[in-house]
Every structure is written in structure tokens, then in C-alpha cells.
Amino acid sequence: MQEPISIQNLNLCIEKKEILKDINITIPEKQITVILGPSGCGKTTLLKSMNRLTDLYPQMRVSGSIRIGNEDILNTRQDITEIRKKMGLLSQRPYPLPMSIYNNVAFGLRLSGRKKKKYLDGRVEHYLRLASLWEEVSTRLNAPASSLSIGQQQRLCLARGLAVDPQIILADEPTSALDPISSHEIEQKFIQLKKQYTIVLVTHILRQAARLADYVVFMYLGEVIEHGPASEFFNNPKTEITKAYLKGSIN
Amino acid sequence: MKNLLDKKARQKYEEKAMLWVMRFSTLLIIITLCLILLTILKKGIGSLSWEIISKTPKGGYYFGKDGGILNAIMGSVYLATGATLLAFIIGLPVTIFMNTCMKRDKRTLYAVRFILDVLTGIPSIVYGAFGFIIMIALHVHASLLCGILVVSIIILPVMIRSMDEAINTVPQGLQESSLSLGITSVAYGYKVLCRQCLPAIVTAVLLAFGRAIGDAASVLFTTGFTDNLPQNITEPAATLPLAIFFQLSSPIPEVQHRAYAAATILTMIILITSIMTRVTGKSCNKNAIKE
């Protein structure tokens, strides 16, 4: 079951500095939503508040609501780990777990109580194929994950995230540490995956946004300036700031 | 122009001088280490024999000419192993707690680290005296158990801080990535952090073991000394540092030889522990994620 993410009146501040100001957006399901904006505008913070990684920083004060389906994840009594399982995170640079390639993917499966070797073998292969990594690693599944190239590590992280069986993929500039070929592979992956998953991608690369986005959220200095379907956003921007950004005069 | 040249020449001169200071200091350390090792080995190797290693002293450790130092070897091994194990069982959860749950509260974390550093700096004789006071209050006599408890308190801060230093360098991203998979902070601590920092944990444990086996002052009060092998942990036990301390002051050459033998064995245990620390540190980190 897929559900849109609806963010209402979201404010976030660190001490007295406002990082996010009154965010109101709805992120459509089974599409790629790109959160776009210059550095330091709060894109990553917005993404992290969606799976409550903001909990790790007590100095951050969050108010408002983020609804996934009927659940307001900011004000819920539900176990935070259950909420996070609904979302896979791909960070700026890959952080595989300090274990073998196989165990990285099996880690998520074991979390849901699956322990039979045969079942795990099948699922690990499935998710590695889903992340287009199987061909490259099938002969060395027991090698440490740190022996992979950084592009492969990012795909391994994708496979690991998918193995938890999320509905949503949160990606925080997932290609920023990668070479062009690896970046391209990840982008292609996203286009395939959006059939089954809701993808939220943070980027500051305008061309990447144009290539991937179905829906765009444009942020500037902690505020959402404009949001809408990609074609409308790129061809017919409404505000002056957006126009300036698309021309490249804001960074 | 002339000034500038002077400055350059002076800088070069300073550079050379400092280089020599560094070379000299390094050499001094190496020579000191070699001298200590050579002295101990020269006096000790001759004294080492199967009898010394395999027998307890006969006729009293101070006057008896026969027998060996098995009592001290076994006592030290029991004591250090017990203390290290106990400290590890307490220390690992503390370290993980500091680096997962407490991480949000920077001030408390800072205070805890500071306290641990202070505890590390307190001389072990103070710990020994502290243990002794409690023993008197509880009306218990010196025993292996008391020694294990006190020595584990001595090595706890050392162990925690050296694990903590390593775990502290783990990038925040690993925590965020791990939590995003839907695991709890505790599971992150034990399943991810421990693996990532396995070499550091092994190093910390071995370091603590080295400290535990070499400490003389604290066991003087708490463990006592005996010619016999300890049969259970409520009995007093001999230890290598005290075997050196007591037997070296004996007027009888045979007994003095036992002290040299004890020093040799103690040094060798420390040396082997240090080498193991190096080797395991290198071999355990194949899975660790490098930044």
C-alpha cells in the first residue's frame, strides 16, 4: 500500500535560528520528488525530519506535522523504528555496515526475523539484482563491504535499504560522492524504482533534477518557494527567485 | 633584503636544531627501553629455569632457597584475567551508552569523559588504600577477589577511554544510515559500532590487561601475598610485581634470583601483550568502513 507524504506547518529551529520555516507540501506517491535548492537552504534537514533522524540532535526543535497515510510521524506513539523501516535512506556518501557484502543486505532481512539461510540467499540475490550489483559481486559475497568501490558501495546501500522493504526512498544527494558513470547508474535505478516506491531526492544539481523529477520542491533559505509538477516548474516558473535560480544566478 | 636572507638562514638553522632535538629524544627513548630490557634479561635469563616456573617457593618466599614463582605467575594471571574480564563486562556497555544515547547530551558526555580522565590519573596506591578501607569496614581479609575488584576499578577508566576514543571517530553518517534501517540505538551500538571498532576494543582490552598485570601498589593492600597457589578467589594470592618487590630485598641470592626471574616473566608477558595488541589491531579491521 502506498501513501503520499503530507507535510504541514513544519518548522524547525536550532536554538533561535530558523532552519525550516512553515513548510507545507504534499509529496506524491510512486513518483520522484526532487527537493531542489542552493546549499544550506534546509533540503537535507527537511529530508531527515521525514524519518526523524532529527531526534539525534536535541538542539533541533521540530513542530508541525508530517503525515504518511494516517500516521503523523512527528507526534505518534508508534515505535520510531517501525516508522524508519518504511523509509530507506541513501546518504551523501555511502555508509555500508562494517561486515561482508552478503551480511549488509541480509542485515535488514534478519531485522524482520528472517533467519533461514536458504530464504536469505534468495532474497540477498534479489535485492542485489534490484540494485544492479549482483553481476559484480556474486563471486565475492563474503568479501568486506569496504572492499567495494564507492559507486558499488552506494548501490549496496540501496540494496540494503530495499531489503528492509520500505515504501519510500529518501535520497540525500546520493550521487555527490560518485563518478559520472556510477551517478548515471543510480539515476537509472531511481527511474526503474519509482514504479514501486515513492522517491524523495535531495539535490543541488539542476540538471539531475531536470532528468529525474516528476515533482519539484524548490527551497531557498529554509522556505519552500515553489512546488509543483516538474514540467510546470522548469518551463513556467512562477516566482522571481525560481527564475533566477534556474538561470544560475543564485548559488 | 639582507634582513630577509638573515631570517631565512636563521629559520634553516632552527629547523636543523629542532630536527636534532627530535632525533636525540627518540634515540634516548630507544636506548632506555633497550637498557631496561637488557638488564632484566641479563639478570633474569640466567635465573630462569623449569623449576622456577613450575614450582612454588619452598620454605618461605623470603628465606627459602628452593622452589620457584609459580604462585606469583598463576596469581597474576588469575588476577589480571579476572579484572580485565570484569572491567570489560562493565566498560563496553558504558562506552556504547556514551556513544549512542548520551551523545545527544554533550555536556554530560563531556563531564563523564573528564571524570574518567581524572580517574585514570589517580595513582594506583590510592585505589589500593580505598579498597583497603572498604575491606576493613566489611571485615574481609586480603584475597584474590578483592584484588580483582580493585584492579578492575583501576583499569576501567583506561579501558573505557581507549574504546571511547576510537568509537568517537566513527562518522555520524554511519549512525544515521544504520538507524534508517529501523534498528534501535542499542542494536546500533552492539551490532554496528562494536564491529566497526573491533580492533580498538581488542586493543583496549589488551592494554588494560597489561596495566592490570603490572600493577603492584593496589594488590599490596588487597590481594596480599602467599607461597601457595590460590585454591579459590577468597584466598590471598601472590602476584609477579610483589614477588619482585619482596624477594629482591631478601639477603639470600637464590631468592633474589627468583625476583629477577619474576621481572623477566612479567616483562615478557607485557611485551607479548603489546605485540598482540599491534597484530590484532591490524588483522581485525578488515570489515571496518574507512572514511
# chains A, B, ... in the order shown; residues from 1 in each chain; ligands from 1
$ residues_around --residues "region 272-289 of chain B" --least-positions-apart "5" --cutoff "9 Å" --atoms "only C-alpha atoms" --output "list in words"
Tyr95, Pro96, Leu97, Pro98, Met99, Ser100, Ala143, Pro144, Ala145, Ser146 and Ser147 of chain A; Arg195, Gln196, Cys197, Leu198, Pro199, Ala200, Ile201, Val202, Thr203, Ala204, Val205, Leu206, Leu207, Phe209, Gly210 and Thr267 of chain B
$ select_by_dssp --residues "region 11-215 of chain B" --states "alpha helix (DSSP H)" --output "PyMOL selection string"
chain B and resi 11-47+50-54+70-99+106-121+124-138+144-168+172-180+185-187+194-196+198-214
$ atom_distance --atom1 "CA of Ser63 (chain A)" --atom2 "CA of Asn11 (chain A)"
5.2 Å
$ residues_around --residues "region 111-113 of chain B" --least-positions-apart "3" --cutoff "12 Å" --atoms "only C-alpha atoms" --output "PDB file with C-alpha atoms, in the first residue's frame"
ATOM      1  CA  VAL B  94      29.334   2.207  29.312  1.00  0.00           C
ATOM      2  CA  THR B  95      31.289   3.075  26.182  1.00  0.00           C
ATOM      3  CA  PHE B  97      25.968   4.131  26.063  1.00  0.00           C
ATOM      4  CA  MET B  98      28.270   7.151  25.939  1.00  0.00           C
ATOM      5  CA  ASN B  99      28.422   6.986  22.168  1.00  0.00           C
ATOM      6  CA  MET B 102      24.408  10.047  25.757  1.00  0.00           C
ATOM      7  CA  LYS B 103      25.761  11.547  22.549  1.00  0.00           C
ATOM      8  CA  ASP B 105      23.722  15.437  25.753  1.00  0.00           C
ATOM      9  CA  LYS B 106      27.088  16.993  25.018  1.00  0.00           C
ATOM     10  CA  ARG B 107      27.597  18.478  28.476  1.00  0.00           C
ATOM     11  CA  THR B 108      27.058  15.270  30.405  1.00  0.00           C
ATOM     12  CA  LEU B 116      37.159   9.176  33.545  1.00  0.00           C
ATOM     13  CA  ASP B 117      40.347  11.062  32.714  1.00  0.00           C
ATOM     14  CA  VAL B 118      40.718  12.113  36.333  1.00  0.00           C
ATOM     15  CA  LEU B 119      40.182   8.528  37.468  1.00  0.00           C
ATOM     16  CA  THR B 120      42.867   7.404  35.023  1.00  0.00           C
ATOM     17  CA  PRO B 157      38.625   4.224  33.041  1.00  0.00           C
ATOM     18  CA  VAL B 158      41.674   3.301  30.939  1.00  0.00           C
ATOM     19  CA  ILE B 160      36.586   2.906  28.568  1.00  0.00           C
ATOM     20  CA  ARG B 161      38.542   5.917  27.377  1.00  0.00           C
ATOM     21  CA  SER B 162      40.621   3.997  24.879  1.00  0.00           C
ATOM     22  CA  MET B 163      37.498   2.349  23.400  1.00  0.00           C
ATOM     23  CA  ASP B 164      35.706   5.674  23.538  1.00  0.00           C
ATOM     24  CA  GLU B 165      38.472   7.495  21.643  1.00  0.00           C
ATOM     25  CA  ASN B 168      34.142   8.667  18.911  1.00  0.00           C
TER      26      ASN B 168
END
$ interface_residues --of "chain A" --to "chain B" --cutoff "10 Å" --atoms "only C-alpha atoms" --output "JSON, numbers by chain"
{"A": [48, 51, 52, 53, 54, 55, 56, 57, 58, 59, 79, 80, 81, 82, 83, 84, 85, 86, 87, 88, 89, 90, 91, 92, 93, 94, 95, 96, 97, 98, 99, 100, 101, 107, 108, 111, 112, 143, 144, 145, 146, 147, 157, 160, 161, 162, 163, 164, 165, 166, 170]}
$ write_last_selection --atoms "N, CA and C atoms" --output "compact mmCIF listing (two decimals), in the first residue's frame"
# COMPACT_ATOMS: atom_id res chain seq x y z
N LYS A 48 15.71 14.71 6.51
CA LYS A 48 15.97 13.95 7.74
C LYS A 48 14.81 14.03 8.72
N ASN A 51 12.28 11.03 8.38
CA ASN A 51 12.38 9.77 9.13
C ASN A 51 12.92 10.00 10.54
N ARG A 52 12.74 11.21 10.96
CA ARG A 52 13.04 11.61 12.35
C ARG A 52 14.47 11.35 12.77
N LEU A 53 15.40 11.49 11.83
CA LEU A 53 16.80 11.47 12.24
C LEU A 53 17.11 12.74 13.03
N THR A 54 16.20 13.70 12.94
CA THR A 54 16.36 14.92 13.73
C THR A 54 16.35 14.63 15.23
N ASP A 55 15.80 13.46 15.60
CA ASP A 55 15.82 13.06 17.02
C ASP A 55 17.22 13.00 17.58
N LEU A 56 18.19 12.76 16.69
CA LEU A 56 19.57 12.61 17.16
C LEU A 56 20.16 13.94 17.63
N TYR A 57 19.51 15.03 17.26
CA TYR A 57 20.05 16.33 17.61
C TYR A 57 19.06 17.06 18.51
N PRO A 58 19.28 16.99 19.83
CA PRO A 58 18.29 17.53 20.75
C PRO A 58 18.14 19.05 20.63
N GLN A 59 19.16 19.71 20.07
CA GLN A 59 19.06 21.16 19.95
C GLN A 59 18.07 21.58 18.85
N ASP A 79 6.33 3.09 17.52
CA ASP A 79 7.76 2.89 17.65
C ASP A 79 8.48 3.53 16.46
N ILE A 80 9.49 4.34 16.79
CA ILE A 80 10.21 5.06 15.74
C ILE A 80 10.89 4.11 14.75
N THR A 81 11.31 2.94 15.25
CA THR A 81 11.98 2.01 14.34
C THR A 81 11.02 1.50 13.27
N GLU A 82 9.74 1.35 13.63
CA GLU A 82 8.75 0.90 12.64
C GLU A 82 8.57 1.96 11.55
N ILE A 83 8.58 3.23 11.98
CA ILE A 83 8.43 4.32 11.01
C ILE A 83 9.63 4.35 10.08
N ARG A 84 10.81 4.19 10.67
CA ARG A 84 12.02 4.27 9.84
C ARG A 84 12.11 3.11 8.87
N LYS A 85 11.53 1.97 9.25
CA LYS A 85 11.56 0.82 8.33
C LYS A 85 10.77 1.09 7.06
N LYS A 86 9.82 2.04 7.16
CA LYS A 86 9.04 2.36 5.95
C LYS A 86 9.85 3.18 4.96
N MET A 87 11.00 3.68 5.42
CA MET A 87 11.78 4.57 4.57
C MET A 87 13.23 4.12 4.48
N GLY A 88 13.72 4.01 3.27
CA GLY A 88 15.13 3.70 3.12
C GLY A 88 15.89 4.99 2.91
N LEU A 89 17.07 5.10 3.49
CA LEU A 89 17.85 6.33 3.33
C LEU A 89 19.12 6.07 2.54
N LEU A 90 19.37 6.93 1.59
CA LEU A 90 20.62 6.89 0.85
C LEU A 90 21.33 8.20 1.14
N SER A 91 22.50 8.11 1.78
CA SER A 91 23.13 9.36 2.22
C SER A 91 24.13 9.88 1.20
N GLN A 92 24.70 11.04 1.50
CA GLN A 92 25.59 11.72 0.54
C GLN A 92 26.75 10.85 0.12
N ARG A 93 27.37 10.23 1.12
CA ARG A 93 28.35 9.23 0.75
C ARG A 93 27.94 7.92 1.40
N PRO A 94 28.23 6.81 0.73
CA PRO A 94 27.71 5.55 1.23
C PRO A 94 28.33 5.13 2.56
N TYR A 95 27.51 4.62 3.44
CA TYR A 95 28.00 4.05 4.69
C TYR A 95 27.55 2.61 4.79
N PRO A 96 28.28 1.70 4.14
CA PRO A 96 27.92 0.29 4.33
C PRO A 96 28.20 -0.11 5.77
N LEU A 97 27.57 -1.18 6.22
CA LEU A 97 27.83 -1.65 7.58
C LEU A 97 29.18 -2.37 7.60
N PRO A 98 29.86 -2.35 8.74
CA PRO A 98 31.19 -2.98 8.80
C PRO A 98 31.09 -4.51 8.81
N MET A 99 30.63 -5.07 7.71
CA MET A 99 30.55 -6.53 7.61
C MET A 99 30.60 -6.90 6.13
N SER A 100 30.37 -8.17 5.82
CA SER A 100 30.51 -8.61 4.44
C SER A 100 29.38 -8.06 3.57
N ILE A 101 29.59 -8.15 2.25
CA ILE A 101 28.58 -7.68 1.30
C ILE A 101 27.25 -8.40 1.56
N PHE A 107 21.27 -8.10 6.66
CA PHE A 107 21.04 -7.40 7.94
C PHE A 107 19.59 -6.94 8.06
N GLY A 108 19.12 -6.29 7.01
CA GLY A 108 17.75 -5.79 7.02
C GLY A 108 16.73 -6.92 7.06
N LEU A 111 16.45 -8.37 10.44
CA LEU A 111 15.72 -7.49 11.35
C LEU A 111 14.26 -7.87 11.44
N SER A 112 13.71 -8.32 10.29
CA SER A 112 12.30 -8.69 10.31
C SER A 112 12.12 -10.16 10.67
N ALA A 143 33.23 -11.04 0.85
CA ALA A 143 34.27 -10.01 0.99
C ALA A 143 33.69 -8.85 1.79
N PRO A 144 34.57 -8.12 2.52
CA PRO A 144 34.04 -6.98 3.28
C PRO A 144 33.48 -5.91 2.35
N ALA A 145 32.43 -5.25 2.82
CA ALA A 145 31.78 -4.23 2.01
C ALA A 145 32.73 -3.08 1.70
N SER A 146 33.71 -2.88 2.61
CA SER A 146 34.63 -1.77 2.41
C SER A 146 35.57 -2.01 1.23
N SER A 147 35.59 -3.24 0.70
CA SER A 147 36.48 -3.51 -0.44
C SER A 147 35.85 -3.07 -1.76
N CYS A 157 24.29 0.06 -0.51
CA CYS A 157 23.43 0.73 0.47
C CYS A 157 21.99 0.77 -0.02
N ARG A 160 20.63 -2.67 0.49
CA ARG A 160 20.41 -2.87 1.93
C ARG A 160 19.13 -2.17 2.38
N GLY A 161 18.95 -0.94 1.88
CA GLY A 161 17.74 -0.19 2.22
C GLY A 161 16.49 -0.87 1.68
N LEU A 162 16.56 -1.37 0.45
CA LEU A 162 15.39 -2.01 -0.15
C LEU A 162 15.02 -3.30 0.56
N ALA A 163 16.04 -3.96 1.12
CA ALA A 163 15.80 -5.24 1.79
C ALA A 163 14.93 -5.09 3.04
N VAL A 164 14.87 -3.89 3.59
CA VAL A 164 14.01 -3.66 4.75
C VAL A 164 12.56 -3.54 4.30
N ASP A 165 12.36 -3.49 2.98
CA ASP A 165 11.04 -3.41 2.37
C ASP A 165 10.32 -2.10 2.72
N PRO A 166 10.92 -0.98 2.32
CA PRO A 166 10.29 0.31 2.61
C PRO A 166 9.26 0.68 1.54
N LEU A 170 14.37 7.77 0.66
CA LEU A 170 14.87 9.12 0.87
C LEU A 170 16.31 9.15 0.40
$ closest_residue --among "A:Met219, A:Pro174, A:Arg207, A:Arg129" --to "Lys247 (chain A)" --atoms "only C-alpha atoms"
A:Arg207
$ residues_around --residues "region 44-46 of chain A" --least-positions-apart "2" --cutoff "8 Å" --atoms "only C-alpha atoms" --output "PyMOL selection string"
chain A and resi 19-20+42+48-50+54+172+202
$ write_last_selection --atoms "N, CA and C atoms" --output "PDB file, in the first residue's frame"
ATOM      1  N   ILE A  19      15.631  27.011  10.729  1.00  0.00           N
ATOM      2  CA  ILE A  19      16.208  26.265   9.609  1.00  0.00           C
ATOM      3  C   ILE A  19      15.126  25.974   8.573  1.00  0.00           C
ATOM      4  N   LEU A  20      13.952  25.585   9.066  1.00  0.00           N
ATOM      5  CA  LEU A  20      12.818  25.354   8.165  1.00  0.00           C
ATOM      6  C   LEU A  20      11.667  26.245   8.620  1.00  0.00           C
ATOM      7  N   GLY A  42      18.312  24.043   3.734  1.00  0.00           N
ATOM      8  CA  GLY A  42      17.474  23.202   4.592  1.00  0.00           C
ATOM      9  C   GLY A  42      16.941  21.947   3.919  1.00  0.00           C
ATOM     10  N   LYS A  48      15.709  14.706   6.509  1.00  0.00           N
ATOM     11  CA  LYS A  48      15.972  13.950   7.738  1.00  0.00           C
ATOM     12  C   LYS A  48      14.809  14.032   8.718  1.00  0.00           C
ATOM     13  N   SER A  49      14.042  15.123   8.645  1.00  0.00           N
ATOM     14  CA  SER A  49      12.898  15.171   9.557  1.00  0.00           C
ATOM     15  C   SER A  49      11.826  14.179   9.116  1.00  0.00           C
ATOM     16  N   MET A  50      11.882  13.744   7.851  1.00  0.00           N
ATOM     17  CA  MET A  50      10.878  12.786   7.385  1.00  0.00           C
ATOM     18  C   MET A  50      11.048  11.410   8.019  1.00  0.00           C
ATOM     19  N   THR A  54      16.201  13.700  12.944  1.00  0.00           N
ATOM     20  CA  THR A  54      16.362  14.925  13.727  1.00  0.00           C
ATOM     21  C   THR A  54      16.345  14.629  15.227  1.00  0.00           C
ATOM     22  N   ASP A 172      19.657  11.563  -0.141  1.00  0.00           N
ATOM     23  CA  ASP A 172      20.260  12.855   0.161  1.00  0.00           C
ATOM     24  C   ASP A 172      21.499  13.046  -0.706  1.00  0.00           C
ATOM     25  N   VAL A 202      17.033  14.652  -2.703  1.00  0.00           N
ATOM     26  CA  VAL A 202      17.570  15.985  -2.461  1.00  0.00           C
ATOM     27  C   VAL A 202      18.753  16.189  -3.397  1.00  0.00           C
TER      28      VAL A 202
END
$ closest_residue --among "A:Leu193, A:Leu178, A:Leu10, A:Leu201" --to "Ile25 (chain A)" --atoms "only C-alpha atoms"
A:Leu10
$ residues_around --residues "Ala238 (chain B)" --least-positions-apart "3" --cutoff "6 Å" --atoms "only C-alpha atoms" --output "ChimeraX atom specification"
/B:71-72,75,225-226
$ write_last_selection --atoms "C-alpha atoms" --output "PDB file, in the first residue's frame"
ATOM      1  CA  ASN B  71      52.424 -18.913  42.873  1.00  0.00           C
ATOM      2  CA  ALA B  72      53.102 -15.401  41.562  1.00  0.00           C
ATOM      3  CA  GLY B  75      48.201 -15.347  40.887  1.00  0.00           C
ATOM      4  CA  PHE B 225      50.990 -12.445  49.314  1.00  0.00           C
ATOM      5  CA  THR B 226      51.327 -16.164  49.824  1.00  0.00           C
TER       6      THR B 226
END
$ residues_around --residues "Ala131 (chain A)" --least-positions-apart "4" --cutoff "7 Å" --atoms "only C-alpha atoms" --output "VMD selection string"
chain A and resid 127 155 158 to 159 189
